[in-house]
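Q: Have a peek at query09.cif (mmCIF, C-alpha atoms).
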```cif
data_target
loop_
_atom_site.label_atom_id
_atom_site.label_comp_id
_atom_site.auth_asym_id
_atom_site.auth_seq_id
_atom_site.Cartn_x
_atom_site.Cartn_y
_atom_site.Cartn_z
CA MET G 1 14.12 -32.16 9.85
CA ARG G 2 17.43 -32.08 11.60
CA PRO G 3 17.67 -29.96 14.75
CA VAL G 4 20.56 -28.04 13.25
CA ALA G 5 18.33 -27.13 10.31
CA ASP G 6 15.60 -25.93 12.66
CA GLU G 7 18.05 -23.77 14.52
CA PHE G 8 19.46 -22.43 11.30
CA GLU G 9 16.07 -21.64 9.84
CA ARG G 10 14.96 -19.93 13.04
CA ASP G 11 18.09 -17.80 12.98
CA LEU G 12 17.56 -17.10 9.31
CA GLN G 13 14.02 -15.85 9.98
CA ARG G 14 15.34 -13.71 12.82
CA LEU G 15 18.06 -12.26 10.61
CA PHE G 16 15.52 -11.47 7.93
CA GLN G 17 13.50 -9.47 10.45
CA GLN G 18 16.47 -7.23 11.09
CA ALA G 19 16.76 -4.12 9.00
CA GLU G 20 19.81 -3.37 6.95
CA PRO G 21 22.50 -1.57 8.82
CA GLY G 22 23.14 1.97 7.74
CA GLY G 23 21.20 5.14 7.37
CA TRP G 24 17.50 4.77 6.77
CA ASP G 25 15.36 7.74 7.60
CA ALA G 26 12.19 6.10 8.80
CA ASP G 27 10.73 9.45 9.88
CA ALA G 28 11.15 10.90 6.41
CA PHE G 29 9.61 7.78 4.90
CA ALA G 30 6.62 8.04 7.23
CA ARG G 31 6.19 11.71 6.30
CA ARG G 32 6.22 10.81 2.61
CA ILE G 33 3.58 8.16 3.22
CA GLU G 34 1.39 10.60 5.15
CA ALA G 35 1.79 13.20 2.40
CA ARG G 36 0.81 10.68 -0.28
CA LEU G 37 -2.23 9.63 1.73
CA GLN G 38 -3.23 13.27 2.12
CA ARG G 39 -2.85 13.90 -1.61
CA ALA G 40 -4.93 10.81 -2.35
CA GLU G 41 -7.63 12.02 0.04
CA ARG G 42 -7.72 15.44 -1.60
CA LEU G 43 -7.90 13.88 -5.04
CA ARG G 44 -10.76 11.68 -3.87
CA LEU G 45 -12.60 14.73 -2.53
CA ALA G 46 -12.02 16.60 -5.78
CA VAL G 47 -13.37 13.68 -7.80
CA LEU G 48 -16.39 13.45 -5.51
CA LEU G 49 -16.97 17.17 -5.86
CA LEU G 50 -16.73 16.97 -9.63
CA ALA G 51 -19.09 14.01 -9.70
CA GLY G 52 -21.47 15.94 -7.46
CA LEU G 53 -21.39 18.91 -9.78
CA VAL G 54 -22.02 16.80 -12.83
CA GLY G 55 -24.81 15.01 -11.03
CA ALA G 56 -26.33 18.28 -9.88
CA GLY G 57 -26.15 19.66 -13.39
CA LEU G 58 -27.82 16.60 -14.85
CA ALA G 59 -30.48 16.66 -12.16
CA ALA G 60 -31.16 20.32 -12.81
CA GLN G 61 -31.42 19.67 -16.51
CA GLN G 62 -33.79 16.78 -15.97
CA MET G 63 -35.92 18.85 -13.65
CA MET G 64 -36.11 21.64 -16.17
CA ASN G 65 -37.07 19.22 -18.91
CA SER G 66 -39.72 17.49 -16.90
CA THR G 67 -41.48 20.50 -15.35
CA LEU G 68 -40.92 23.23 -17.85
CA GLY G 69 -43.81 22.16 -20.05
CA ALA G 70 -46.23 22.09 -17.15
CA GLN G 71 -44.98 25.42 -15.92
CA LEU G 72 -45.38 26.94 -19.35
CA MET G 73 -48.91 25.61 -19.65
CA GLY G 74 -49.78 27.03 -16.26
CA LEU G 75 -48.31 30.36 -17.14
CA PHE G 76 -50.12 30.34 -20.45
CA GLN G 77 -53.42 29.59 -18.76
CA SER G 78 -52.96 32.40 -16.31
CA ALA G 79 -51.96 34.70 -19.09
CA VAL G 80 -55.17 33.92 -20.99
CA ASN G 81 -57.19 34.56 -17.87
CA LEU G 82 -55.55 37.83 -17.07
CA GLY G 83 -55.73 39.22 -20.57
CA GLY G 84 -54.34 42.49 -21.85
CA GLN G 85 -51.14 43.55 -20.26
CA ALA G 86 -51.15 40.72 -17.83
CA GLU G 87 -51.22 38.37 -20.79
CA THR G 88 -48.35 40.19 -22.40
CA ALA G 89 -46.38 40.05 -19.18
CA ALA G 90 -47.03 36.33 -18.80
CA LEU G 91 -45.93 35.70 -22.36
CA GLY G 92 -42.81 37.68 -21.68
CA GLN G 93 -42.15 35.40 -18.73
CA ILE G 94 -42.61 32.40 -21.00
CA ASP G 95 -40.07 33.88 -23.36
CA ALA G 96 -37.69 34.38 -20.52
CA LEU G 97 -38.08 30.77 -19.43
CA SER G 98 -37.83 29.39 -22.93
CA PHE G 99 -34.82 31.31 -24.05
CA GLY G 100 -33.29 31.72 -20.65
CA GLY G 101 -33.21 27.95 -19.98
CA SER G 102 -29.47 27.75 -20.17
CA SER G 103 -29.08 30.59 -17.68
CA VAL G 104 -31.28 28.72 -15.20
CA VAL G 105 -29.07 25.66 -15.56
CA VAL G 106 -26.02 27.83 -15.03
CA MET G 107 -27.66 29.20 -11.90
CA TRP G 108 -28.21 25.66 -10.60
CA LEU G 109 -24.64 24.71 -11.43
CA LEU G 110 -23.33 27.75 -9.65
CA ALA G 111 -25.44 26.95 -6.63
CA ALA G 112 -24.15 23.37 -6.62
CA ALA G 113 -20.57 24.57 -7.07
CA LEU G 114 -20.93 26.96 -4.18
CA ALA G 115 -22.41 24.25 -2.00
CA GLY G 116 -19.61 21.88 -2.98
CA ALA G 117 -16.95 24.47 -2.34
CA ALA G 118 -18.48 25.17 1.05
CA ILE G 119 -18.42 21.45 1.93
CA LEU G 120 -14.83 21.07 0.72
CA GLY G 121 -13.76 24.14 2.65
CA ALA G 122 -15.40 22.84 5.78
CA ARG G 123 -13.66 19.46 5.37
CA LEU G 124 -10.26 21.06 4.83
CA LEU G 125 -10.73 23.36 7.80
CA ASN G 126 -11.78 20.42 9.91
CA GLU G 127 -8.70 18.45 8.84
CA SER G 128 -6.30 21.29 9.48
CA MET P 1 -11.21 8.50 17.11
CA GLY P 2 -8.22 9.39 14.95
CA GLN P 3 -8.02 12.91 16.28
CA ALA P 4 -8.14 11.71 19.84
CA ALA P 5 -5.25 9.41 19.20
CA THR P 6 -3.06 12.20 17.89
CA MET P 7 -3.24 13.69 21.33
CA ARG P 8 -1.67 10.56 22.73
CA ASP P 9 1.85 9.40 22.26
CA LEU P 10 1.52 7.18 19.21
CA THR P 11 4.81 5.46 19.91
CA ARG P 12 3.26 3.81 22.96
CA LEU P 13 0.47 2.18 21.02
CA HIS P 14 0.65 -1.41 19.82
CA ASP P 15 0.61 -2.11 16.09
CA VAL P 16 -2.88 -3.59 16.32
CA GLU P 17 -4.20 -0.47 18.04
CA LEU P 18 -2.56 1.75 15.46
CA ALA P 19 -3.99 -0.38 12.66
CA ALA P 20 -7.48 -0.07 14.14
CA LEU P 21 -7.10 3.71 14.32
CA ALA P 22 -5.73 3.79 10.78
CA ALA P 23 -8.74 1.78 9.62
CA ALA P 24 -10.89 4.60 10.94
CA GLY P 25 -8.99 6.98 8.66
CA GLY P 26 -6.09 7.90 10.90
CA ARG P 27 -3.25 8.92 8.62
CA ARG P 28 -0.95 9.88 11.48
CA GLU P 29 -1.46 6.52 13.13
CA PHE P 30 -0.64 4.81 9.87
CA GLY P 31 2.39 7.06 9.54
CA GLU P 32 3.60 5.67 12.85
CA LEU P 33 3.21 2.13 11.51
CA ALA P 34 5.18 3.15 8.43
CA ARG P 35 7.88 4.66 10.61
CA ARG P 36 8.17 1.44 12.59
CA HIS P 37 8.21 -1.04 9.76
CA SER P 38 9.56 0.72 6.68
CA ALA P 39 13.15 -0.31 7.34
CA GLY P 40 12.18 -3.97 7.54
CA VAL P 41 10.13 -3.80 4.37
CA ARG P 42 12.88 -2.01 2.52
CA ALA P 43 15.45 -4.52 3.77
CA LEU P 44 13.36 -7.41 2.50
CA LEU P 45 13.04 -5.79 -0.92
CA ARG P 46 16.76 -5.15 -1.08
CA ARG P 47 17.42 -8.77 -0.11
CA MET P 48 15.09 -9.87 -2.87
CA GLY P 49 17.33 -8.01 -5.29
CA ALA P 50 15.71 -4.57 -5.59
CA ASP P 51 17.98 -1.58 -6.10
CA PRO P 52 17.65 1.20 -3.49
CA ALA P 53 15.36 3.40 -5.59
CA THR P 54 13.07 0.51 -6.52
CA ALA P 55 13.00 -0.66 -2.91
CA GLU P 56 11.93 2.82 -1.80
CA ASP P 57 9.22 3.08 -4.48
CA VAL P 58 7.83 -0.39 -3.90
CA ALA P 59 7.91 0.10 -0.13
CA GLN P 60 5.91 3.31 -0.50
CA ASP P 61 3.38 1.66 -2.80
CA ALA P 62 3.11 -1.28 -0.43
CA PHE P 63 2.33 0.96 2.53
CA ILE P 64 -0.25 2.91 0.51
CA GLN P 65 -1.88 -0.38 -0.50
CA ALA P 66 -1.73 -1.51 3.11
CA PHE P 67 -3.55 1.65 4.20
CA GLN P 68 -6.22 1.16 1.58
CA SER P 69 -6.83 -2.41 2.71
CA ILE P 70 -6.08 -1.93 6.41
CA ALA P 71 -9.61 -3.04 7.28
CA SER P 72 -8.66 -6.54 6.14
CA PHE P 73 -5.83 -6.68 8.68
CA ARG P 74 -7.33 -8.40 11.67
CA GLY P 75 -4.25 -8.70 13.83
CA GLU P 76 -4.06 -12.46 13.45
CA GLY P 77 -0.44 -12.20 12.32
CA THR P 78 1.87 -9.28 12.88
CA PHE P 79 1.47 -6.07 10.94
CA ALA P 80 5.13 -6.33 9.93
CA ALA P 81 4.59 -9.73 8.30
CA TRP P 82 1.40 -8.54 6.62
CA VAL P 83 2.98 -5.48 5.03
CA ARG P 84 6.09 -7.45 4.04
CA ARG P 85 3.92 -9.90 2.12
CA ILE P 86 2.22 -7.01 0.35
CA ALA P 87 5.57 -5.49 -0.54
CA ALA P 88 7.01 -8.79 -1.76
CA ARG P 89 4.01 -9.42 -3.99
CA ARG P 90 4.16 -5.90 -5.40
CA TYR P 91 7.85 -6.23 -6.15
CA LEU P 92 7.36 -9.54 -7.92
CA LYS P 93 4.47 -8.15 -9.96
CA ALA P 94 6.55 -5.15 -10.96
CA ARG P 95 9.38 -7.42 -12.05
CA ALA P 96 7.01 -9.69 -13.91
CA ARG P 97 5.54 -6.69 -15.74
CA ALA P 98 9.04 -5.63 -16.72
CA GLY P 99 9.67 -9.15 -17.99
CA ALA P 100 12.55 -9.51 -15.59
CA LEU P 101 11.20 -12.42 -13.61
CA VAL P 102 12.28 -15.74 -14.99
CA LEU P 103 12.57 -18.55 -12.52
CA SER P 104 14.57 -21.13 -14.37
CA PRO P 105 16.12 -24.19 -12.83
CA ASP P 106 19.60 -23.44 -11.62
CA ASP P 107 22.29 -25.84 -12.76
CA ALA P 108 24.93 -24.47 -10.46
CA PRO P 109 26.60 -27.14 -8.36
CA GLU P 110 25.28 -27.46 -4.87
CA GLU P 111 27.39 -26.10 -2.10
CA ALA P 112 27.30 -28.63 0.68
CA ALA P 113 27.00 -27.34 4.19
CA PRO P 114 29.79 -28.54 6.45
CA GLU P 115 28.16 -30.93 8.86
CA GLY P 116 27.76 -29.39 12.29
CA ALA P 117 29.60 -26.25 11.33
CA TYR P 118 26.69 -23.92 11.91
CA ALA P 119 26.39 -22.91 15.52
CA GLY P 120 24.04 -19.97 15.48
CA ALA P 121 26.57 -17.24 14.85
CA ARG P 122 25.57 -13.75 13.84
CA LEU P 123 26.72 -13.05 10.33
CA ASP P 124 26.03 -10.64 7.60
CA LEU P 125 22.95 -12.02 5.91
CA ASP P 126 23.17 -9.53 3.09
CA GLN P 127 26.68 -10.64 2.31
CA ALA P 128 25.70 -14.29 2.40
CA LEU P 129 22.71 -13.73 0.11
CA LYS P 130 25.04 -12.40 -2.55
CA GLY P 131 26.35 -15.90 -3.03
CA LEU P 132 22.94 -17.19 -4.11
CA SER P 133 21.52 -17.25 -7.59
CA GLU P 134 18.67 -14.85 -8.24
CA ALA P 135 16.07 -17.60 -8.11
CA GLU P 136 17.46 -18.99 -4.85
CA ARG P 137 17.64 -15.54 -3.35
CA LEU P 138 14.05 -14.77 -4.29
CA CYS P 139 12.69 -18.05 -3.02
CA VAL P 140 14.60 -17.93 0.27
CA SER P 141 13.67 -14.28 0.83
CA LEU P 142 10.01 -14.94 0.13
CA CYS P 143 9.89 -17.94 2.46
CA TYR P 144 12.01 -16.68 5.33
CA GLY P 145 11.69 -12.91 4.90
CA ALA P 146 8.09 -12.52 3.80
CA GLY P 147 6.85 -15.63 5.59
CA LEU P 148 5.24 -17.18 2.54
CA SER P 149 4.75 -20.90 2.17
CA HIS P 150 6.37 -22.84 -0.67
CA SER P 151 2.97 -23.12 -2.32
CA GLU P 152 2.35 -19.39 -2.10
CA VAL P 153 5.76 -18.67 -3.57
CA ALA P 154 5.11 -21.10 -6.39
CA GLU P 155 1.77 -19.44 -7.09
CA ILE P 156 3.21 -15.92 -7.09
CA LEU P 157 6.17 -16.85 -9.22
CA GLY P 158 4.14 -19.04 -11.52
CA ALA P 159 6.63 -21.83 -11.04
CA PRO P 160 6.16 -25.50 -10.20
CA LEU P 161 6.16 -26.25 -6.50
CA GLY P 162 9.05 -28.67 -6.91
CA THR P 163 11.18 -26.00 -8.56
CA VAL P 164 10.53 -23.59 -5.70
CA LYS P 165 11.36 -26.25 -3.13
CA SER P 166 14.61 -27.10 -4.83
CA HIS P 167 15.61 -23.43 -5.06
CA VAL P 168 14.84 -22.97 -1.38
CA LYS P 169 16.81 -26.06 -0.41
CA ARG P 170 19.76 -25.13 -2.57
CA GLY P 171 19.70 -21.57 -1.24
CA LEU P 172 19.52 -22.73 2.35
CA ASP P 173 22.42 -25.13 1.82
CA LYS P 174 24.53 -22.36 0.33
CA LEU P 175 23.67 -19.97 3.13
CA LYS P 176 24.38 -22.61 5.72
CA ALA P 177 27.73 -23.35 4.15
CA ARG P 178 28.68 -19.70 4.10
CA MET P 179 27.40 -19.06 7.58
CA GLY P 180 29.21 -22.13 8.79
CA GLN P 181 32.46 -20.92 7.28
CA GLU P 182 31.91 -17.54 8.86
CA THR P 183 31.25 -19.17 12.20
CA SER P 184 34.37 -21.29 11.91
CA ARG P 185 36.49 -18.26 11.08
CA SER P 186 34.97 -16.34 13.99
CA ALA P 187 35.65 -19.21 16.36
CA ALA P 188 39.23 -19.62 15.14
CA GLY P 189 39.90 -15.92 15.36
CA GLY P 190 38.18 -15.36 18.64
#
```
Please render this file's structure as structure tokens.

A:
Amino acid sequence: MRPVADEFERDLQRLFQQAEPGGWDADAFARRIEARLQRAERLRLAVLLLAGLVGAGLAAQQMMNSTLGAQLMGLFQSAVNLGGQAETAALGQIDALSFGGSSVVVMWLLAAALAGAAILGARLLNES
Amino acid sequence: MGQAATMRDLTRLHDVELAALAAAGGRREFGELARRHSAGVRALLRRMGADPATAEDVAQDAFIQAFQSIASFRGEGTFAAWVRRIAARRYLKARARAGALVLSPDDAPEEAAPEGAYAGARLDLDQALKGLSEAERLCVSLCYGAGLSHSEVAEILGAPLGTVKSHVKRGLDKLKARMGQETSRSAAGG
């Protein structure tokens, strides 16, 4: 390659490194980038929180499904042993568990939501 | 780590230090990198043919992508060159998606550079680039502005290597001719 070409290409590279003349608000650009990164971080946290809630809900449901039968059997056994009013009371508890299943899940979901909200709040406070 | 750095004057830190802090989640440190290099990235995009709004959008997207993959920046090259390459690739992809990227052979007559006329004068690169065809402008900008090799440009543009080389050569010859004329006029006038 000719020396003049080398010199020209070097100068061309140097010229390309120079910004355009004229007004360019680099500070404003940087602020926009930081704001976008912050929004992305918040969105990521929100998605994680939602995923956590869904996961907690599913876990609670699974737990209810897997242990409810055993719990009912245990309660039934104790009810038979106690007899009389105790039996009636135990059966009432079974009713409450059977028909109140959805309310137990809601309780678990609420607990998970509260825990998630507490974690999110702590993160936001920490960031600010 | 990131919080400690905010206590320092970020402007005194080297790009590599800022990148390391940004890799640990430091948004403010990355903001400083964006402040330093956004003008250069935007200038490259404008020289590649992007309008101001597109240049701004692509530059923003490029910096966001750079933040997301900052861990892969190992400081082997400069941060400026790294983020310029990201921006150039994003711009080309956006144009390709819009169907606006067609790198066809240019039949325009070559503009011969006056022998020995170029003497390293400062001239308006942006003005000189306007005299190039779109393909020449893209290829020259990618090679000399984004620091890509001919092969990389050919791969990104999906064009034969020979076509890219000829566009680069033709573009360089045109620029040299224009810069040479500018130099001659400056010398005669000065």

Q: Pull out every residue of chain G that has at least one atom within 10 Å of chain P, counting all atoms listed in the file, and report them as a VMD selection string.

A: chain G and resid 4 to 5 7 to 21 23 to 38 40 127

Q: Might you pull out every residue within 10 Å of Ala66 (chain P), with only C-alpha atoms counted and same-chain residues fewer than 4 positions away left off, and present them as a list in words?

A: Ala19, Phe30, Ala34, Gln60, Asp61, Ala62, Ile70, Ala71, Ser72, Phe73, Phe79, Trp82, Val83, Arg84, Ile86 and Ala87 of chain P

Q: With C-alpha atoms kept, could you save the residues just selected as a short mmCIF file (atom, residue, chain, number, x, y, z; two decimals), keeping the file's coordinate frame?

A:
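Saved file part-v7.cif follows:
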```cif
data_model
loop_
_atom_site.label_atom_id
_atom_site.label_comp_id
_atom_site.auth_asym_id
_atom_site.auth_seq_id
_atom_site.Cartn_x
_atom_site.Cartn_y
_atom_site.Cartn_z
CA ALA P 19 -3.99 -0.38 12.66
CA PHE P 30 -0.64 4.81 9.87
CA ALA P 34 5.18 3.15 8.43
CA GLN P 60 5.91 3.31 -0.50
CA ASP P 61 3.38 1.66 -2.80
CA ALA P 62 3.11 -1.28 -0.43
CA ILE P 70 -6.08 -1.93 6.41
CA ALA P 71 -9.61 -3.04 7.28
CA SER P 72 -8.66 -6.54 6.14
CA PHE P 73 -5.83 -6.68 8.68
CA PHE P 79 1.47 -6.07 10.94
CA TRP P 82 1.40 -8.54 6.62
CA VAL P 83 2.98 -5.48 5.03
CA ARG P 84 6.09 -7.45 4.04
CA ILE P 86 2.22 -7.01 0.35
CA ALA P 87 5.57 -5.49 -0.54
#
```

Q: Provide the CA of Lys130 (chain P) to CA of Lys169 (chain P) distance in Å, to one decimal place.

A: 16.1 Å

Q: Counting only C-alpha atoms, which residue out of G:Val106, G:Leu75, G:Val80, G:Ala112 sits closest to Leu49 (chain G)?

A: G:Ala112

Q: Tell me, in Å to one decimal, how far CA of Asp15 (chain P) is from CA of Ala88 (chain P).

A: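 According to the coordinates, CA of Asp15 (chain P) and CA of Ala88 (chain P) are separated by 20.1 Å.
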
Q: Expand the PyMOL selection byres ((chain P and resi 139) around 7) into the explicit residue set it covers here, and present it as a list in words.

A: Ala135, Glu136, Arg137, Leu138, Val140, Ser141, Leu142, Cys143, Val153, Val164, His167 and Val168 of chain P

Q: If you measure from CA of Val16 (chain P) to CA of Pro52 (chain P), what distance in Å do you get, rounded to one decimal?

A: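 Separating CA of Val16 (chain P) from CA of Pro52 (chain P) is a distance of 28.9 Å.
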
Q: Written as a ChimeraX atom specification, what is the full residue list that the PyMOL selection byres ((chain G and resi 51-53) around 12) yields on the file shown?

A: /G:44-50,54-60,105-106,108-117,119-120
